[in-house]
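Colleague: To start, I am sharing the structure in question, which I have written as structure tokens.
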Amino acid sequence: MIPGFVLLAAALTVAGVALIVVPLVRQTPAGPLPAPWTALAAAGVLVVGSAALYVTWSNWAWHAQPSASADSPQSMVARLARRLEREPGNLEDWLMLGRSYVVLQEYALAARAYERADKVSDGKSAEALTGEAEALAMGDQSELDGRAGQLIERALLLQPDSGKALFYGAVAAARRADLPVARQRFVKLLAMNPPDQVRTFLEQQITAIDQRLNGQAGPGAAAAGAAGASPAQAAASTPDAGAAASAGDAGGSVRVKITVSPGLTQPAGSFPLFVFVRDPAHPGPPLAARRLMSEFPQTIELTAKDSMIAGRTFRRGDNVAVVARIARSGTAVGASGDPYGEITYRVGKDGLASLVIDHLTP
């Protein structure tokens, strides 16, 4: 789009050229002879010179890439949503739309996308059920006492080893005081070798439940602990047996341990952490993305399941860039002053890599 000041500048340039050129080409009885070549030279100097001065002295971002906004996560998700409005779409399309809306914190839209995925799968997709439940719980944690809790129970019937379903199912069981079921699910999660911060949380919940069962804690201790322990982040970091198998079939995963440099002052407040996997050879939409809470250190694994565009992901042997950014604005779009870190990663070769957030976005 042409900025308004450019149109105004062009109009003023035309007016200036007219003031100079018209007297040079006009023939009058008492005046000098017309000078068309002089008029043409003057017009050229004025037009070219004014354009060069505007480009040199103005602060407009003349060389900005016009496609940058089109490649933002919001734009990509909007295009996918519009396509699915026109076309029926398959299960993976709707699951991807739901995951993308969760990354963008559009939980109501994510729940609707996962609900549509559930219908497309005829109720046979554990990921659709768990995704809808998670989106509902992210919007209102009390949903775990109602529809979200019911969806989780259905998901566990389809996929008993789903880490995310087990986690939310354990939290829901603790909230309704079904402590033996909550304990069983927390113990099963603990056996999946979760990251350290999740392991600590699970051990705390198991201890609280044991104390409650032995009459050593108040009646709401386990439920309160589970409800107030940031279940969204713990579930995002919890291993999922089904997802791990799919990731292996797709050709690899990206695993990083994220820390913040001691020399970098972390912004005050609770800001989301966005982790992106990008193709350094082809700028544009990320190959995968995940939203977490800014708690460090933490370990995260991204797979093809975290892709935001169908058919655009990474595979074993690919060289990718992994970016972790603390979003002060709260959105997936980067802003000046956001702390970030970036590393290169060889999928299927590098294993668990260290990613240090040690820069600020210009």
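Residues are referred to by chain and number: the chain letter is A, B, ... according to the order shown in the structure tokens, the number counts from 1 in that chain, and ligands are numbered separately from 1 in the order shown.
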Mind listing the alpha helix (DSSP H) residues of region 83-290 of chain A, per DSSP on the backbone, as number ranges by chain?
Modeller: A: 83-86, 91-103, 107-120, 126-139, 147-158, 163-175, 179-190, 196-213, 221-227, 231-237, 241-250
Colleague: Identify, on the basis of only C-alpha atoms, every residue whose closest approach to Lys119 (chain A) does not exceed 12 Å; exclude the query and any residue fewer than 3 positions from it along the same chain; express the result as a list of chain:residue names.
Modeller: A:Pro88, A:Gly89, A:Asn90, A:Leu91, A:Trp94, A:Leu95, A:Arg112, A:Ala113, A:Tyr114, A:Glu115, A:Arg116, A:Asp122, A:Gly123, A:Lys124, A:Ser125, A:Ala126, A:Ala128, A:Leu129, A:Glu132
Colleague: With all heavy atoms kept, could you save the residues just selected as a short mmCIF file (atom, residue, chain, number, x, y, z; two decimals), in the first residue's frame?
Modeller:
```cif
data_model
loop_
_atom_site.label_atom_id
_atom_site.label_comp_id
_atom_site.auth_asym_id
_atom_site.auth_seq_id
_atom_site.Cartn_x
_atom_site.Cartn_y
_atom_site.Cartn_z
N PRO A 88 -14.40 -28.60 3.40
CA PRO A 88 -14.67 -29.44 4.59
C PRO A 88 -13.44 -29.66 5.45
O PRO A 88 -13.50 -29.58 6.67
CB PRO A 88 -15.18 -30.76 3.98
CG PRO A 88 -15.65 -30.40 2.62
CD PRO A 88 -14.78 -29.27 2.15
N GLY A 89 -12.30 -29.92 4.82
CA GLY A 89 -11.07 -30.17 5.59
C GLY A 89 -11.06 -31.56 6.19
O GLY A 89 -12.10 -32.19 6.39
N ASN A 90 -9.85 -32.05 6.49
CA ASN A 90 -9.73 -33.36 7.12
C ASN A 90 -9.41 -33.20 8.61
O ASN A 90 -9.30 -32.09 9.12
CB ASN A 90 -8.67 -34.22 6.42
CG ASN A 90 -7.32 -33.52 6.38
OD1 ASN A 90 -6.95 -32.79 7.30
ND2 ASN A 90 -6.56 -33.76 5.32
N LEU A 91 -9.26 -34.31 9.28
CA LEU A 91 -9.02 -34.28 10.73
C LEU A 91 -7.77 -33.50 11.08
O LEU A 91 -7.78 -32.66 11.98
CB LEU A 91 -8.93 -35.71 11.26
CG LEU A 91 -8.53 -35.86 12.74
CD1 LEU A 91 -9.54 -35.18 13.65
CD2 LEU A 91 -8.38 -37.34 13.10
N TRP A 94 -8.15 -29.66 11.06
CA TRP A 94 -8.86 -29.09 12.21
C TRP A 94 -8.03 -29.19 13.48
O TRP A 94 -8.06 -28.29 14.34
CB TRP A 94 -10.21 -29.79 12.39
CG TRP A 94 -11.19 -29.40 11.33
CD1 TRP A 94 -11.59 -30.12 10.25
CD2 TRP A 94 -11.88 -28.14 11.24
NE1 TRP A 94 -12.49 -29.40 9.49
CE2 TRP A 94 -12.70 -28.19 10.07
CE3 TRP A 94 -11.91 -26.99 12.02
CZ2 TRP A 94 -13.52 -27.12 9.68
CZ3 TRP A 94 -12.72 -25.93 11.63
CH2 TRP A 94 -13.52 -26.00 10.48
N LEU A 95 -7.27 -30.28 13.63
CA LEU A 95 -6.38 -30.38 14.79
C LEU A 95 -5.32 -29.30 14.75
O LEU A 95 -4.98 -28.68 15.77
CB LEU A 95 -5.72 -31.76 14.83
CG LEU A 95 -6.62 -32.95 15.14
CD1 LEU A 95 -5.84 -34.26 15.00
CD2 LEU A 95 -7.22 -32.83 16.53
N ARG A 112 -13.61 -24.54 19.61
CA ARG A 112 -14.51 -24.78 18.47
C ARG A 112 -13.82 -25.61 17.40
O ARG A 112 -14.43 -26.51 16.80
CB ARG A 112 -14.98 -23.45 17.90
CG ARG A 112 -15.97 -22.71 18.79
CD ARG A 112 -16.22 -21.30 18.32
NE ARG A 112 -16.62 -21.24 16.93
CZ ARG A 112 -16.78 -20.12 16.26
NH1 ARG A 112 -16.56 -18.95 16.87
NH2 ARG A 112 -17.17 -20.14 15.01
N ALA A 113 -12.55 -25.32 17.13
CA ALA A 113 -11.81 -26.09 16.12
C ALA A 113 -11.66 -27.55 16.55
O ALA A 113 -11.85 -28.48 15.74
CB ALA A 113 -10.44 -25.46 15.89
N TYR A 114 -11.33 -27.77 17.80
CA TYR A 114 -11.19 -29.15 18.29
C TYR A 114 -12.54 -29.87 18.31
O TYR A 114 -12.62 -31.08 18.07
CB TYR A 114 -10.58 -29.15 19.68
CG TYR A 114 -9.07 -29.02 19.69
CD1 TYR A 114 -8.45 -27.97 20.37
CD2 TYR A 114 -8.27 -29.94 19.04
CE1 TYR A 114 -7.07 -27.85 20.39
CE2 TYR A 114 -6.89 -29.83 19.06
CZ TYR A 114 -6.29 -28.78 19.74
OH TYR A 114 -4.93 -28.67 19.75
N GLU A 115 -13.60 -29.13 18.61
CA GLU A 115 -14.93 -29.73 18.57
C GLU A 115 -15.26 -30.21 17.16
O GLU A 115 -15.83 -31.30 16.97
CB GLU A 115 -15.98 -28.73 19.06
CG GLU A 115 -17.39 -29.30 19.13
CD GLU A 115 -18.40 -28.28 19.64
OE1 GLU A 115 -18.05 -27.08 19.70
OE2 GLU A 115 -19.53 -28.69 19.96
N ARG A 116 -14.90 -29.38 16.16
CA ARG A 116 -15.12 -29.78 14.77
C ARG A 116 -14.26 -31.00 14.43
O ARG A 116 -14.70 -31.91 13.71
CB ARG A 116 -14.79 -28.61 13.85
CG ARG A 116 -15.07 -28.89 12.38
CD ARG A 116 -16.55 -29.15 12.12
NE ARG A 116 -16.81 -29.39 10.72
CZ ARG A 116 -17.06 -28.43 9.82
NH1 ARG A 116 -17.11 -27.15 10.21
NH2 ARG A 116 -17.30 -28.73 8.57
N ASP A 122 -15.57 -38.67 14.04
CA ASP A 122 -16.66 -39.51 14.59
C ASP A 122 -16.38 -39.91 16.03
O ASP A 122 -16.68 -41.03 16.46
CB ASP A 122 -16.86 -40.77 13.73
CG ASP A 122 -17.39 -40.44 12.33
OD1 ASP A 122 -18.17 -39.48 12.21
OD2 ASP A 122 -17.01 -41.14 11.38
N GLY A 123 -15.75 -38.98 16.79
CA GLY A 123 -15.50 -39.23 18.20
C GLY A 123 -14.38 -40.20 18.48
O GLY A 123 -14.27 -40.72 19.61
N LYS A 124 -13.50 -40.43 17.50
CA LYS A 124 -12.44 -41.43 17.67
C LYS A 124 -11.04 -40.82 17.79
O LYS A 124 -10.05 -41.55 17.74
CB LYS A 124 -12.47 -42.41 16.49
CG LYS A 124 -13.77 -43.20 16.38
CD LYS A 124 -13.78 -44.11 15.18
CE LYS A 124 -15.10 -44.87 15.07
NZ LYS A 124 -15.14 -45.75 13.87
N SER A 125 -10.93 -39.51 17.93
CA SER A 125 -9.63 -38.85 18.06
C SER A 125 -9.41 -38.40 19.50
O SER A 125 -10.07 -37.48 19.98
CB SER A 125 -9.54 -37.65 17.11
OG SER A 125 -8.37 -36.89 17.38
N ALA A 126 -8.46 -39.05 20.16
CA ALA A 126 -8.14 -38.65 21.53
C ALA A 126 -7.55 -37.24 21.56
O ALA A 126 -7.80 -36.47 22.50
CB ALA A 126 -7.16 -39.64 22.15
N ALA A 128 -8.29 -34.72 19.59
CA ALA A 128 -9.37 -33.74 19.46
C ALA A 128 -10.08 -33.54 20.79
O ALA A 128 -10.36 -32.40 21.20
CB ALA A 128 -10.36 -34.18 18.39
N LEU A 129 -10.35 -34.63 21.49
CA LEU A 129 -11.04 -34.54 22.78
C LEU A 129 -10.17 -33.83 23.81
O LEU A 129 -10.63 -32.95 24.54
CB LEU A 129 -11.40 -35.94 23.26
CG LEU A 129 -12.42 -36.71 22.40
CD1 LEU A 129 -12.48 -38.18 22.82
CD2 LEU A 129 -13.79 -36.07 22.52
N GLU A 132 -9.82 -30.04 22.95
CA GLU A 132 -10.99 -29.25 23.32
C GLU A 132 -11.04 -29.04 24.84
O GLU A 132 -11.33 -27.95 25.33
CB GLU A 132 -12.26 -29.92 22.83
CG GLU A 132 -13.51 -29.10 23.13
CD GLU A 132 -14.80 -29.77 22.67
OE1 GLU A 132 -14.72 -30.83 22.01
OE2 GLU A 132 -15.87 -29.23 22.99
#
```
Colleague: Could you please determine the separation between CA of Gly317 (chain A) and CA of Phe274 (chain A) in Å, to one decimal place?
Modeller: 23.7 Å
Colleague: Near Asp358 (chain A), counting only C-alpha atoms, which residues have an atom at most 7 Å away, once you skip same-chain residues fewer than 5 positions from it, shown as a ChimeraX atom specification?
Modeller: /A:260-261,264,339-341
Colleague: Determine, counting only C-alpha atoms, which protein, DNA and RNA residues have an atom within 8 Å of an atom of region 152-157 of chain A; residues of the same chain fewer than 5 positions away are not included. Present the result as JSON, numbers by chain.
Modeller: {"A": [125, 126, 127, 129, 130, 133, 162, 165, 166, 168, 169]}
